[in-house]
Every structure is written in C-alpha cells, then in structure tokens.
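Student: Could you have a look at this structure, given as structure tokens, before my questions?
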Amino acid sequence: MLLFFKNNSKDEQLRKSLFDFLAEMEKNMELFYVMDQRQFITSGFLTEMWPRIKDIDIIKRHDAIHKYARAMEDFNQALKVHKEYEAWYIGDVNNKTPENSRKLHALKHELDIKLKGMEALIILAGQDLEREMVQLGLLKA
C-alpha cells in the first residue's frame, strides 16, 4: 500500500513539473512576442523550472528542449552582462567614450540577434514536450 502511494505521488509530481514547465514555455513565448513587438528587451526569460526537470528521462531524450534551455540561460546571461555594462557606462561621464559606446551597442546588438532566434526554439521545444505529454495521457491530441 505504501508503495502505491509513493508511485502515485511520484507520478503526480512528474505531471505537475511537466505542466509547470509547459506553462513557463508559454510565458516565455509571450515575453518573446512582447519584446519583439516593442523592439525593446524588457527582461530575461523564465528558467525556474529547468533545474527541476532537466534530469527527467522524458526531457533528456529531446535535443530541442535542451537547446531551448541553453538558449534561455545564454540570453539571460547576455542580458545581465549588457545591463551591468550599461549601468557602468551611464554611471560616470568618463566612461562615455566612443569605444565604450560601441561596446554597449555591440552588446545590445548581440541581445537582439539572440532574441530573433528564440521563437523557433520555444516552438520546437514546446511541440516536443506536448508530444511527450500526449503520449503520457496528460494532454489530449
């Protein structure tokens, strides 16, 4: 009887984690569309669920999901570097040199390029996750 509850609890935890990860992907798609429409990067992408689900077998077998997670983390890191450099640049008049301005512009351009590729990554990873969830009976086709 105890084994039944352990297995049931594990299945429920897996189900919840997969749905939470899918919801996070959907929110990231919304963030992408907002940033793309505004032509302004407002924030990083959500990556809270990735550490919780990355070791699940269902996730491990999908390269698209791993590419998605790496791209989100890479984008967030690039955004952090850009924001820190921008704060440093703005923080002192002596930092506002043409060379530093070019570097700030290059960091921003790098973010814009990373952002452009996000839509396809999110869609492919979401499709892989949804297919797995359909096979598990968690979603209807």
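Here's how to read the names in the structure tokens: chain A, B, ... by the order shown, residue numbers from 1 in each chain, ligand numbers from 1 in the order shown.
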Determine, counting only C-alpha atoms, which protein, DNA and RNA residues have an atom within 8 Å of an atom of segment 47-59 of chain A; residues of the same chain fewer than 6 positions away are not included. Present the result as number ranges by chain.
Tutor: A: 17-18, 20-21, 24, 65-66, 69, 72-73, 129, 132
Student: Using N, CA, C and O atoms, can you export the residues from the last selection as a short mmCIF file (atom, residue, chain, number, x, y, z; two decimals), in the first residue's frame?
Tutor:
data_model
loop_
_atom_site.label_atom_id
_atom_site.label_comp_id
_atom_site.auth_asym_id
_atom_site.auth_seq_id
_atom_site.Cartn_x
_atom_site.Cartn_y
_atom_site.Cartn_z
N SER A 17 5.31 18.91 -12.61
CA SER A 17 6.54 19.50 -13.13
C SER A 17 6.45 19.72 -14.64
O SER A 17 6.86 20.77 -15.14
N LEU A 18 5.90 18.74 -15.35
CA LEU A 18 5.77 18.89 -16.80
C LEU A 18 4.80 20.01 -17.17
O LEU A 18 5.07 20.80 -18.07
N ASP A 20 4.05 22.59 -15.28
CA ASP A 20 4.69 23.86 -14.89
C ASP A 20 5.73 24.29 -15.92
O ASP A 20 5.84 25.47 -16.25
N PHE A 21 6.48 23.32 -16.44
CA PHE A 21 7.48 23.63 -17.46
C PHE A 21 6.82 24.11 -18.75
O PHE A 21 7.26 25.07 -19.38
N GLU A 24 5.66 27.58 -18.26
CA GLU A 24 6.80 28.51 -18.32
C GLU A 24 7.20 28.77 -19.77
O GLU A 24 7.50 29.91 -20.14
N ILE A 65 14.54 20.49 -26.54
CA ILE A 65 14.27 21.05 -25.20
C ILE A 65 15.57 21.50 -24.55
O ILE A 65 15.61 22.56 -23.91
N HIS A 66 16.64 20.75 -24.76
CA HIS A 66 17.94 21.16 -24.21
C HIS A 66 18.45 22.43 -24.89
O HIS A 66 19.00 23.31 -24.23
N ALA A 69 16.55 25.36 -23.42
CA ALA A 69 17.02 25.73 -22.08
C ALA A 69 18.36 26.44 -22.14
O ALA A 69 18.56 27.45 -21.45
N MET A 72 17.81 29.99 -23.43
CA MET A 72 17.21 30.86 -22.41
C MET A 72 18.29 31.32 -21.41
O MET A 72 18.37 32.50 -21.08
N GLU A 73 19.09 30.37 -20.94
CA GLU A 73 20.14 30.70 -19.98
C GLU A 73 21.19 31.61 -20.62
O GLU A 73 21.67 32.56 -19.99
N LEU A 129 7.68 18.70 -26.02
CA LEU A 129 7.13 18.47 -24.69
C LEU A 129 5.65 18.08 -24.77
O LEU A 129 5.21 17.14 -24.10
N GLU A 132 5.25 14.46 -25.86
CA GLU A 132 5.52 13.55 -24.74
C GLU A 132 4.33 13.51 -23.78
O GLU A 132 3.95 12.45 -23.28
#
Student: Please, which residues of segment 1-139 of chain A, numbered as in this document, come out helix (DSSP H, G or I) from DSSP, as JSON, numbers by chain?
Tutor: {"A": [2, 3, 4, 5, 6, 7, 8, 9, 10, 11, 12, 13, 14, 15, 16, 17, 18, 19, 20, 21, 22, 23, 24, 25, 26, 27, 28, 29, 30, 31, 32, 33, 34, 35, 36, 37, 38, 50, 51, 52, 53, 57, 58, 59, 60, 63, 64, 65, 66, 67, 68, 69, 70, 71, 72, 73, 74, 75, 76, 77, 78, 79, 80, 81, 82, 83, 84, 85, 86, 87, 88, 89, 90, 91, 93, 94, 95, 98, 99, 100, 101, 102, 103, 104, 105, 106, 107, 108, 109, 110, 111, 112, 113, 114, 115, 116, 118, 119, 120, 121, 122, 123, 124, 125, 126, 127, 128, 129, 130, 131, 132, 133, 134, 135]}
Student: Can you write out the residues you just picked, keeping C-alpha atoms, as an mmCIF file, in the first residue's frame?
Tutor:
data_model
loop_
_atom_site.group_PDB
_atom_site.id
_atom_site.type_symbol
_atom_site.label_atom_id
_atom_site.label_comp_id
_atom_site.auth_asym_id
_atom_site.auth_seq_id
_atom_site.Cartn_x
_atom_site.Cartn_y
_atom_site.Cartn_z
ATOM 1 C CA LEU A 2 2.819 2.410 0.871
ATOM 2 C CA LEU A 3 4.489 1.625 -2.472
ATOM 3 C CA PHE A 4 1.248 2.559 -4.272
ATOM 4 C CA PHE A 5 1.193 5.982 -2.586
ATOM 5 C CA LYS A 6 4.882 6.553 -3.313
ATOM 6 C CA ASN A 7 4.406 5.753 -7.002
ATOM 7 C CA ASN A 8 1.228 7.823 -7.177
ATOM 8 C CA SER A 9 2.976 10.748 -5.504
ATOM 9 C CA LYS A 10 5.915 10.445 -7.908
ATOM 10 C CA ASP A 11 3.576 10.388 -10.916
ATOM 11 C CA GLU A 12 1.717 13.434 -9.596
ATOM 12 C CA GLN A 13 4.995 15.273 -9.063
ATOM 13 C CA LEU A 14 6.125 14.436 -12.613
ATOM 14 C CA ARG A 15 2.786 15.583 -14.020
ATOM 15 C CA LYS A 16 2.930 18.855 -12.094
ATOM 16 C CA SER A 17 6.537 19.502 -13.132
ATOM 17 C CA LEU A 18 5.771 18.890 -16.804
ATOM 18 C CA PHE A 19 2.717 21.166 -16.738
ATOM 19 C CA ASP A 20 4.689 23.861 -14.891
ATOM 20 C CA PHE A 21 7.483 23.635 -17.464
ATOM 21 C CA LEU A 22 4.991 23.863 -20.331
ATOM 22 C CA ALA A 23 3.373 26.911 -18.686
ATOM 23 C CA GLU A 24 6.797 28.508 -18.315
ATOM 24 C CA MET A 25 7.455 27.912 -22.028
ATOM 25 C CA GLU A 26 4.144 29.585 -22.874
ATOM 26 C CA LYS A 27 5.059 32.580 -20.700
ATOM 27 C CA ASN A 28 8.428 32.778 -22.431
ATOM 28 C CA MET A 29 6.650 32.823 -25.785
ATOM 29 C CA GLU A 30 4.550 35.746 -24.555
ATOM 30 C CA LEU A 31 7.697 37.529 -23.322
ATOM 31 C CA PHE A 32 9.283 36.963 -26.710
ATOM 32 C CA TYR A 33 6.307 38.458 -28.563
ATOM 33 C CA VAL A 34 6.205 41.490 -26.283
ATOM 34 C CA MET A 35 9.920 42.157 -26.712
ATOM 35 C CA ASP A 36 9.757 41.507 -30.459
ATOM 36 C CA GLN A 37 6.770 43.830 -30.988
ATOM 37 C CA ARG A 38 8.185 46.616 -28.850
ATOM 38 C CA TRP A 50 14.663 23.897 -15.901
ATOM 39 C CA PRO A 51 16.770 22.796 -12.885
ATOM 40 C CA ARG A 52 13.775 20.835 -11.598
ATOM 41 C CA ILE A 53 13.053 18.880 -14.778
ATOM 42 C CA ASP A 57 14.185 10.879 -18.787
ATOM 43 C CA ILE A 58 11.361 12.328 -20.872
ATOM 44 C CA ILE A 59 13.236 15.624 -21.078
ATOM 45 C CA LYS A 60 16.693 14.125 -21.586
ATOM 46 C CA ASP A 63 17.578 17.813 -28.030
ATOM 47 C CA ALA A 64 15.171 20.648 -28.875
ATOM 48 C CA ILE A 65 14.272 21.046 -25.205
ATOM 49 C CA HIS A 66 17.937 21.160 -24.207
ATOM 50 C CA LYS A 67 18.662 23.732 -26.930
ATOM 51 C CA TYR A 68 15.740 25.792 -25.665
ATOM 52 C CA ALA A 69 17.015 25.727 -22.078
ATOM 53 C CA ARG A 70 20.584 26.597 -23.096
ATOM 54 C CA ALA A 71 19.325 29.455 -25.261
ATOM 55 C CA MET A 72 17.214 30.861 -22.405
ATOM 56 C CA GLU A 73 20.142 30.703 -19.984
ATOM 57 C CA ASP A 74 22.517 32.157 -22.592
ATOM 58 C CA PHE A 75 20.137 35.020 -23.337
ATOM 59 C CA ASN A 76 19.654 35.777 -19.639
ATOM 60 C CA GLN A 77 23.421 35.805 -19.085
ATOM 61 C CA ALA A 78 23.966 38.122 -22.060
ATOM 62 C CA LEU A 79 21.219 40.408 -20.740
ATOM 63 C CA LYS A 80 22.899 40.508 -17.337
ATOM 64 C CA VAL A 81 26.250 41.431 -18.901
ATOM 65 C CA HIS A 82 24.564 44.120 -21.000
ATOM 66 C CA LYS A 83 22.709 45.625 -18.031
ATOM 67 C CA GLU A 84 25.859 45.660 -15.881
ATOM 68 C CA TYR A 85 27.887 47.294 -18.649
ATOM 69 C CA GLU A 86 25.109 49.781 -19.328
ATOM 70 C CA ALA A 87 24.957 50.735 -15.632
ATOM 71 C CA TRP A 88 28.732 51.167 -15.575
ATOM 72 C CA TYR A 89 28.617 53.210 -18.789
ATOM 73 C CA ILE A 90 25.880 55.522 -17.508
ATOM 74 C CA GLY A 91 27.360 55.735 -14.017
ATOM 75 C CA VAL A 93 30.741 60.687 -17.542
ATOM 76 C CA ASN A 94 34.331 59.487 -18.035
ATOM 77 C CA ASN A 95 33.012 56.096 -19.155
ATOM 78 C CA PRO A 98 33.220 56.322 -28.346
ATOM 79 C CA GLU A 99 34.884 52.934 -27.760
ATOM 80 C CA ASN A 100 32.683 52.159 -24.743
ATOM 81 C CA SER A 101 29.640 53.336 -26.661
ATOM 82 C CA ARG A 102 30.460 50.929 -29.497
ATOM 83 C CA LYS A 103 30.871 48.089 -26.988
ATOM 84 C CA LEU A 104 27.493 48.899 -25.397
ATOM 85 C CA HIS A 105 25.902 48.967 -28.840
ATOM 86 C CA ALA A 106 27.547 45.619 -29.711
ATOM 87 C CA LEU A 107 26.202 44.029 -26.516
ATOM 88 C CA LYS A 108 22.712 45.294 -27.358
ATOM 89 C CA HIS A 109 23.037 44.033 -30.924
ATOM 90 C CA GLU A 110 24.069 40.596 -29.614
ATOM 91 C CA LEU A 111 20.902 40.507 -27.481
ATOM 92 C CA ASP A 112 18.765 41.459 -30.464
ATOM 93 C CA ILE A 113 20.273 38.631 -32.520
ATOM 94 C CA LYS A 114 19.759 36.111 -29.707
ATOM 95 C CA LEU A 115 16.144 37.263 -29.346
ATOM 96 C CA LYS A 116 15.358 36.744 -33.033
ATOM 97 C CA MET A 118 14.023 32.411 -29.696
ATOM 98 C CA GLU A 119 10.631 31.957 -31.333
ATOM 99 C CA ALA A 120 11.652 28.841 -33.270
ATOM 100 C CA LEU A 121 13.431 27.337 -30.250
ATOM 101 C CA ILE A 122 10.426 27.848 -27.992
ATOM 102 C CA ILE A 123 8.022 26.390 -30.554
ATOM 103 C CA LEU A 124 10.127 23.279 -31.265
ATOM 104 C CA ALA A 125 10.757 22.565 -27.585
ATOM 105 C CA GLY A 126 7.081 23.129 -26.761
ATOM 106 C CA GLN A 127 5.999 20.739 -29.510
ATOM 107 C CA ASP A 128 8.362 18.034 -28.248
ATOM 108 C CA LEU A 129 7.128 18.473 -24.690
ATOM 109 C CA GLU A 130 3.479 18.442 -25.748
ATOM 110 C CA ARG A 131 4.020 15.234 -27.789
ATOM 111 C CA GLU A 132 5.518 13.547 -24.740
ATOM 112 C CA MET A 133 2.638 14.737 -22.573
ATOM 113 C CA VAL A 134 0.113 13.396 -25.115
ATOM 114 C CA GLN A 135 1.872 10.016 -25.070
#
Student: Grab the atom CA of Gly117 of chain A to atom CA of Gly44 of chain A distance for me, in Å with one decimal place.
Tutor: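 According to the coordinates, atom CA of Gly117 of chain A and atom CA of Gly44 of chain A are separated by 14.5 Å.
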